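Peer 1: Quick one: structure below, then a few questions.
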Amino acid sequence: MELSTSILLTIALAPLVGCLLAGFFGQVIGRAGAHSVTILGLVIACGLSFYVLYQLTVGGAPVYNHNLYTWFEIGRYTANVGFLIDRLTAMMMVVVTFVSLLVHIYTIGYMAEDPGYQRFFSYISLFTFSMLMLVMSNNFMQLFFGWEAVGLVSYLLIGFWYKRPTAIFANLKAFLVNRVGDFGFLLGIAAVLYFLGTLDYATAFASSDSLIGKTLQITQNTHWDAATVICILLFIGAMGKSAQVPLHVWLPDSMEGPTPISALIHAATMVTAGIFMVARMSPIFELSETALSFVMIIGATGALFTGLIGIVQNDIKRVVAYSTLSQLGYMTVALGVSAYSGAVFHLMTHAFFKALLFLGAGSVIIAMHHEQDMRYMGGLRKYMPVTWITMWIGSLALCGVPFFSGFYSKDAIIEAVGESHRWGANYAYFCVMAGAFVTALYTFRQMYLTFHGKERFTVVHDHGHGHDEHHHDSHKDDHGHHDAGIMHETPKESPWVVTLPLVLLAIPSLLVGFFAIEPMLYQGWFGSAIQVHEANNVLGELAREFHGSVAMALHGFTQLPFWLVAAAFAIQTYIYLFNPAVAGRIKNALKPIYNVLNHKYWFDAVYYIVFARGGIALGRALWKGGDAAVIDGALINGSAGLVERIASGARRLQSGYLYHYAFAMILGLILLLGGYWLVGQ
């Protein structure tokens, strides 16, 4: 039975309808109306997405690939609006709508006191619509539309609190950095159109072998392989959207947006768009070893080096943000070793446990009255048991502890890199292995600082006549004041609209890897959606050693990644539970390394000096040199001055005295006679 077009249209458009109602009629329908219509849209989209996945996997429905509307037709080039629904798309639709639905529910509690409540719901529904258009598209034009739309909505969401200068700076930074990637992406799509003559996925992939042997002439003697050029340009788009080094700088700053946004944009959806796109383009990427090595090295660098920055962060959300950068690096490495299924599988498991960690961090921030510095927390587990347990589940999944979903996807990637013989694979293997240790270091540090050890905040109870204080080992700030960490009531567990999404995300964080690994990685579950050449099939090699989820997890206890995680657990347990003073001593001993990490390798500083200040300096030079000196000075004022000088000279000749004119006539006559005489000679 074929999938129904009306069902697919309903999935895509239901969030858009909710967005329009909440956005344009928010004042009329009120807060309850705004969250009701948007959540209803998501419930419909999510329910139908599960139905579509069921039909494709169990119901035997064929792949759906139809154009619904012709955008334009110019000669032999056409652009359509259409849907390509295969298992890869269906899985992405389920992840996007499910996480988005839980974020919508969570937002009711998190944004309860915010004046922009209706606007917020409108934005997050628009974001979901944009993301669905991106993953459901069957052509490059529509992909680009969805790609730009999620970029626009992320700009609106990161700068949601537009009265904060930091939020405005962060959303502008995200927008500009993404423009750099999108420029490459647009050139890549143009290259596909130039070499393959089509924007349609199916047609382009079917004729992708025609790229073999084709080159692009750069200079007289320089020719680049066409497939390599296309793949690297498309991947530059992914580097912007999926925050790969060196275009990663926007993602940590985007924590300025409200926490539900961090979960939606930076866990499950927007940042994984680039990973999804490369997996979708696997028939083209398989043609270029050079491009795949480039992808792998960029990913490996991000997996290790951005994770290291997470160790020195004190803001609870920024730790999770750097963890996202690191995990996106893992997905990118998997793409680079042709383990596209492994990348998408990690994308799915990561979506659940990372959304859980972000929403858990938000729950802590609510309880701490919007205090985000972990140095002023501690001992919260007795006040917030649900948040504590669910965040531990998310943390263990993130660290890749056997039997948790993150273990199956992360270890599969590490083993796939170990099997690869591609150029750069040894470097990548070192990075993903060391990354496992680094991940565990910052994750356990975060959990201990937040939930365990002594309480490092002060509760101040007001009784009308002064107040009494219960000190909980409160930190003092640099001036010796108790400004940070002061609270007027004891922290308490968040309301059910906040904790219910945490529980619902904790379940797949525990179980989804266990059940999904075999079909997704080793049984060709994605079918023709992902194509890998036989020589590159590292997952095929791993399949020979796979004897089921339980055996893999038990074997995982004997492997190096688990022992690295255990070592990190032991180190952080000793430091943060038994001897907290050691942390300060380590920091002082490793001061140079701490400075490098604290300054985030000076990427921001370099970009600011070169591009921001450089752009201002260039603009000022063009203004002073071009605008003021050449245009205003020479052309406009200069021409006016020249006319004035000629006029003032001519004015002196026209004196009005008769003897001046008589003298001029006599002088002219003498000159004429002299001229005639010379000619006669």
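Residues in the structure tokens are numbered from 1 in each chain, the chains being A, B, ... in the order shown, and ligands are numbered from 1 in the order shown.
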Which residues come within 6 Å of A:Ser130, counting only C-alpha atoms, excluding same-chain residues fewer than 5 positions away, as a VMD selection string?
Peer 2: chain A and resid 146 149 to 150
Peer 1: If you run DSSP on the backbone, which residues of stretch 7-236 of chain A are strand (DSSP E or B), as a PDB file with N, CA, C and O atoms, in the first residue's frame?
Peer 2:
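Writing the result to result-v3.pdb gives the following:
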ATOM      1  N   TYR A  64       8.232   6.445  -1.297  1.00  0.00           N
ATOM      2  CA  TYR A  64       7.354   7.452  -1.916  1.00  0.00           C
ATOM      3  C   TYR A  64       8.234   8.548  -2.501  1.00  0.00           C
ATOM      4  O   TYR A  64       9.039   9.157  -1.800  1.00  0.00           O
ATOM      5  N   ASN A  65       8.132   8.801  -3.792  1.00  0.00           N
ATOM      6  CA  ASN A  65       8.895   9.885  -4.423  1.00  0.00           C
ATOM      7  C   ASN A  65       8.033  10.546  -5.481  1.00  0.00           C
ATOM      8  O   ASN A  65       7.933  10.055  -6.602  1.00  0.00           O
ATOM      9  N   HIS A  66       7.378  11.647  -5.116  1.00  0.00           N
ATOM     10  CA  HIS A  66       6.482  12.332  -6.053  1.00  0.00           C
ATOM     11  C   HIS A  66       6.663  13.836  -5.947  1.00  0.00           C
ATOM     12  O   HIS A  66       6.886  14.374  -4.866  1.00  0.00           O
ATOM     13  N   ASN A  67       6.538  14.493  -7.097  1.00  0.00           N
ATOM     14  CA  ASN A  67       6.511  15.951  -7.112  1.00  0.00           C
ATOM     15  C   ASN A  67       5.068  16.408  -6.955  1.00  0.00           C
ATOM     16  O   ASN A  67       4.160  15.871  -7.596  1.00  0.00           O
ATOM     17  N   LEU A  68       4.862  17.417  -6.119  1.00  0.00           N
ATOM     18  CA  LEU A  68       3.503  17.901  -5.856  1.00  0.00           C
ATOM     19  C   LEU A  68       3.218  19.208  -6.568  1.00  0.00           C
ATOM     20  O   LEU A  68       2.068  19.544  -6.834  1.00  0.00           O
ATOM     21  N   TYR A  69       4.283  19.959  -6.866  1.00  0.00           N
ATOM     22  CA  TYR A  69       4.067  21.299  -7.420  1.00  0.00           C
ATOM     23  C   TYR A  69       5.329  21.703  -8.159  1.00  0.00           C
ATOM     24  O   TYR A  69       6.445  21.453  -7.690  1.00  0.00           O
ATOM     25  N   THR A  70       5.169  22.311  -9.335  1.00  0.00           N
ATOM     26  CA  THR A  70       6.333  22.774 -10.089  1.00  0.00           C
ATOM     27  C   THR A  70       6.601  24.226  -9.741  1.00  0.00           C
ATOM     28  O   THR A  70       5.738  25.090  -9.935  1.00  0.00           O
ATOM     29  N   TRP A  71       7.786  24.456  -9.231  1.00  0.00           N
ATOM     30  CA  TRP A  71       8.159  25.802  -8.799  1.00  0.00           C
ATOM     31  C   TRP A  71       8.478  26.676 -10.007  1.00  0.00           C
ATOM     32  O   TRP A  71       7.914  27.734 -10.202  1.00  0.00           O
ATOM     33  N   PHE A  72       9.419  26.195 -10.828  1.00  0.00           N
ATOM     34  CA  PHE A  72       9.685  26.894 -12.092  1.00  0.00           C
ATOM     35  C   PHE A  72      10.250  25.901 -13.099  1.00  0.00           C
ATOM     36  O   PHE A  72      10.744  24.827 -12.744  1.00  0.00           O
ATOM     37  N   GLU A  73      10.173  26.280 -14.361  1.00  0.00           N
ATOM     38  CA  GLU A  73      10.684  25.458 -15.454  1.00  0.00           C
ATOM     39  C   GLU A  73      11.387  26.393 -16.423  1.00  0.00           C
ATOM     40  O   GLU A  73      10.754  27.257 -17.034  1.00  0.00           O
ATOM     41  N   ILE A  74      12.695  26.257 -16.547  1.00  0.00           N
ATOM     42  CA  ILE A  74      13.461  27.117 -17.445  1.00  0.00           C
ATOM     43  C   ILE A  74      14.257  26.210 -18.372  1.00  0.00           C
ATOM     44  O   ILE A  74      15.227  25.569 -17.949  1.00  0.00           O
ATOM     45  N   TYR A  77      15.739  22.802 -17.223  1.00  0.00           N
ATOM     46  CA  TYR A  77      15.860  22.806 -15.766  1.00  0.00           C
ATOM     47  C   TYR A  77      14.498  23.026 -15.113  1.00  0.00           C
ATOM     48  O   TYR A  77      13.781  23.959 -15.471  1.00  0.00           O
ATOM     49  N   THR A  78      14.180  22.164 -14.167  1.00  0.00           N
ATOM     50  CA  THR A  78      12.925  22.351 -13.421  1.00  0.00           C
ATOM     51  C   THR A  78      13.211  22.269 -11.923  1.00  0.00           C
ATOM     52  O   THR A  78      14.146  21.589 -11.498  1.00  0.00           O
ATOM     53  N   ALA A  79      12.404  22.984 -11.163  1.00  0.00           N
ATOM     54  CA  ALA A  79      12.475  22.885  -9.700  1.00  0.00           C
ATOM     55  C   ALA A  79      11.073  22.611  -9.189  1.00  0.00           C
ATOM     56  O   ALA A  79      10.123  23.285  -9.582  1.00  0.00           O
ATOM     57  N   ASN A  80      10.964  21.605  -8.348  1.00  0.00           N
ATOM     58  CA  ASN A  80       9.651  21.175  -7.865  1.00  0.00           C
ATOM     59  C   ASN A  80       9.593  21.215  -6.348  1.00  0.00           C
ATOM     60  O   ASN A  80      10.610  21.279  -5.661  1.00  0.00           O
ATOM     61  N   VAL A  81       8.353  21.164  -5.841  1.00  0.00           N
ATOM     62  CA  VAL A  81       8.142  20.869  -4.429  1.00  0.00           C
ATOM     63  C   VAL A  81       7.655  19.426  -4.401  1.00  0.00           C
ATOM     64  O   VAL A  81       6.657  19.096  -5.050  1.00  0.00           O
ATOM     65  N   GLY A  82       8.386  18.569  -3.708  1.00  0.00           N
ATOM     66  CA  GLY A  82       7.990  17.160  -3.685  1.00  0.00           C
ATOM     67  C   GLY A  82       8.541  16.472  -2.455  1.00  0.00           C
ATOM     68  O   GLY A  82       9.347  17.044  -1.713  1.00  0.00           O
ATOM     69  N   PHE A  83       8.093  15.250  -2.241  1.00  0.00           N
ATOM     70  CA  PHE A  83       8.527  14.488  -1.076  1.00  0.00           C
ATOM     71  C   PHE A  83       9.216  13.207  -1.507  1.00  0.00           C
ATOM     72  O   PHE A  83       8.760  12.525  -2.429  1.00  0.00           O
ATOM     73  N   LEU A  84      10.333  12.901  -0.843  1.00  0.00           N
ATOM     74  CA  LEU A  84      10.977  11.590  -0.982  1.00  0.00           C
ATOM     75  C   LEU A  84      10.945  10.970   0.410  1.00  0.00           C
ATOM     76  O   LEU A  84      11.638  11.425   1.326  1.00  0.00           O
ATOM     77  N   ILE A  85      10.082   9.962   0.573  1.00  0.00           N
ATOM     78  CA  ILE A  85       9.909   9.354   1.896  1.00  0.00           C
ATOM     79  C   ILE A  85      10.406   7.915   1.836  1.00  0.00           C
ATOM     80  O   ILE A  85       9.737   7.030   1.292  1.00  0.00           O
ATOM     81  N   SER A 137      12.257  16.641   1.611  1.00  0.00           N
ATOM     82  CA  SER A 137      12.382  17.095   0.219  1.00  0.00           C
ATOM     83  C   SER A 137      12.955  16.010  -0.681  1.00  0.00           C
ATOM     84  O   SER A 137      13.705  15.143  -0.241  1.00  0.00           O
ATOM     85  N   ASN A 139      14.419  17.069  -3.675  1.00  0.00           N
ATOM     86  CA  ASN A 139      15.263  17.798  -4.628  1.00  0.00           C
ATOM     87  C   ASN A 139      16.109  18.841  -3.888  1.00  0.00           C
ATOM     88  O   ASN A 139      15.806  19.228  -2.764  1.00  0.00           O
ATOM     89  N   ASP A 200      16.843  17.146  -9.096  1.00  0.00           N
ATOM     90  CA  ASP A 200      16.085  16.049  -8.487  1.00  0.00           C
ATOM     91  C   ASP A 200      17.053  15.001  -7.924  1.00  0.00           C
ATOM     92  O   ASP A 200      17.995  14.590  -8.593  1.00  0.00           O
ATOM     93  N   THR A 215      36.250  16.714 -14.789  1.00  0.00           N
ATOM     94  CA  THR A 215      37.042  17.649 -13.978  1.00  0.00           C
ATOM     95  C   THR A 215      36.531  19.072 -14.176  1.00  0.00           C
ATOM     96  O   THR A 215      35.827  19.361 -15.138  1.00  0.00           O
ATOM     97  N   LEU A 216      36.941  19.910 -13.248  1.00  0.00           N
ATOM     98  CA  LEU A 216      36.594  21.328 -13.312  1.00  0.00           C
ATOM     99  C   LEU A 216      37.899  22.084 -13.491  1.00  0.00           C
ATOM    100  O   LEU A 216      38.809  21.944 -12.675  1.00  0.00           O
ATOM    101  N   GLN A 217      38.008  22.875 -14.573  1.00  0.00           N
ATOM    102  CA  GLN A 217      39.253  23.598 -14.824  1.00  0.00           C
ATOM    103  C   GLN A 217      39.293  24.858 -13.959  1.00  0.00           C
ATOM    104  O   GLN A 217      38.444  25.731 -14.070  1.00  0.00           O
ATOM    105  N   HIS A 223      43.283  21.165 -12.789  1.00  0.00           N
ATOM    106  CA  HIS A 223      41.965  20.561 -12.974  1.00  0.00           C
ATOM    107  C   HIS A 223      41.597  19.798 -11.714  1.00  0.00           C
ATOM    108  O   HIS A 223      42.383  18.988 -11.238  1.00  0.00           O
ATOM    109  N   TRP A 224      40.426  20.068 -11.177  1.00  0.00           N
ATOM    110  CA  TRP A 224      39.964  19.373  -9.978  1.00  0.00           C
ATOM    111  C   TRP A 224      38.883  18.380 -10.338  1.00  0.00           C
ATOM    112  O   TRP A 224      38.045  18.639 -11.212  1.00  0.00           O
ATOM    113  N   ASP A 225      38.885  17.258  -9.609  1.00  0.00           N
ATOM    114  CA  ASP A 225      37.887  16.224  -9.838  1.00  0.00           C
ATOM    115  C   ASP A 225      36.486  16.753  -9.510  1.00  0.00           C
ATOM    116  O   ASP A 225      36.264  17.328  -8.434  1.00  0.00           O
TER     117      ASP A 225
END
Peer 1: Check the smallest atom-to-atom distance from each of A:Thr269, A:Asp86, A:Gly257, A:Val96 to A:Lys163 using only C-alpha atoms, then report the winner.
Peer 2: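 Nearest to A:Lys163: A:Gly257.
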Peer 1: Write out as number ranges by chain each polymer residue whose atoms come within 8 Å of stretch 404-417 of chain A, counting only C-alpha atoms; drop sequence neighbours fewer than 5 positions from it.
Peer 2: A: 330-331, 333-334, 337, 339, 342-343, 345-346, 349-350, 353, 396-399, 425, 428-429, 432-433, 508-514, 517, 538-539, 542, 553, 561
Peer 1: Residues within 8 Å of A:Phe444, please, as a VMD selection string. Count only C-alpha atoms; anything in the same chain fewer than 5 positions from it doesn't count.
Peer 2: chain A and resid 395 568 to 569 572 to 573
Peer 1: Atom CA of A:Leu667 to atom CA of A:Leu642: how many Å, to one decimal?
Peer 2: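 Interatomic distance, atom CA of A:Leu667 to atom CA of A:Leu642: 27.5 Å.
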Peer 1: Report the residues of stretch 371-458 of chain A whose backbone DSSP state falls under helix (DSSP H, G or I), written as a count of residues only.
Peer 2: 63
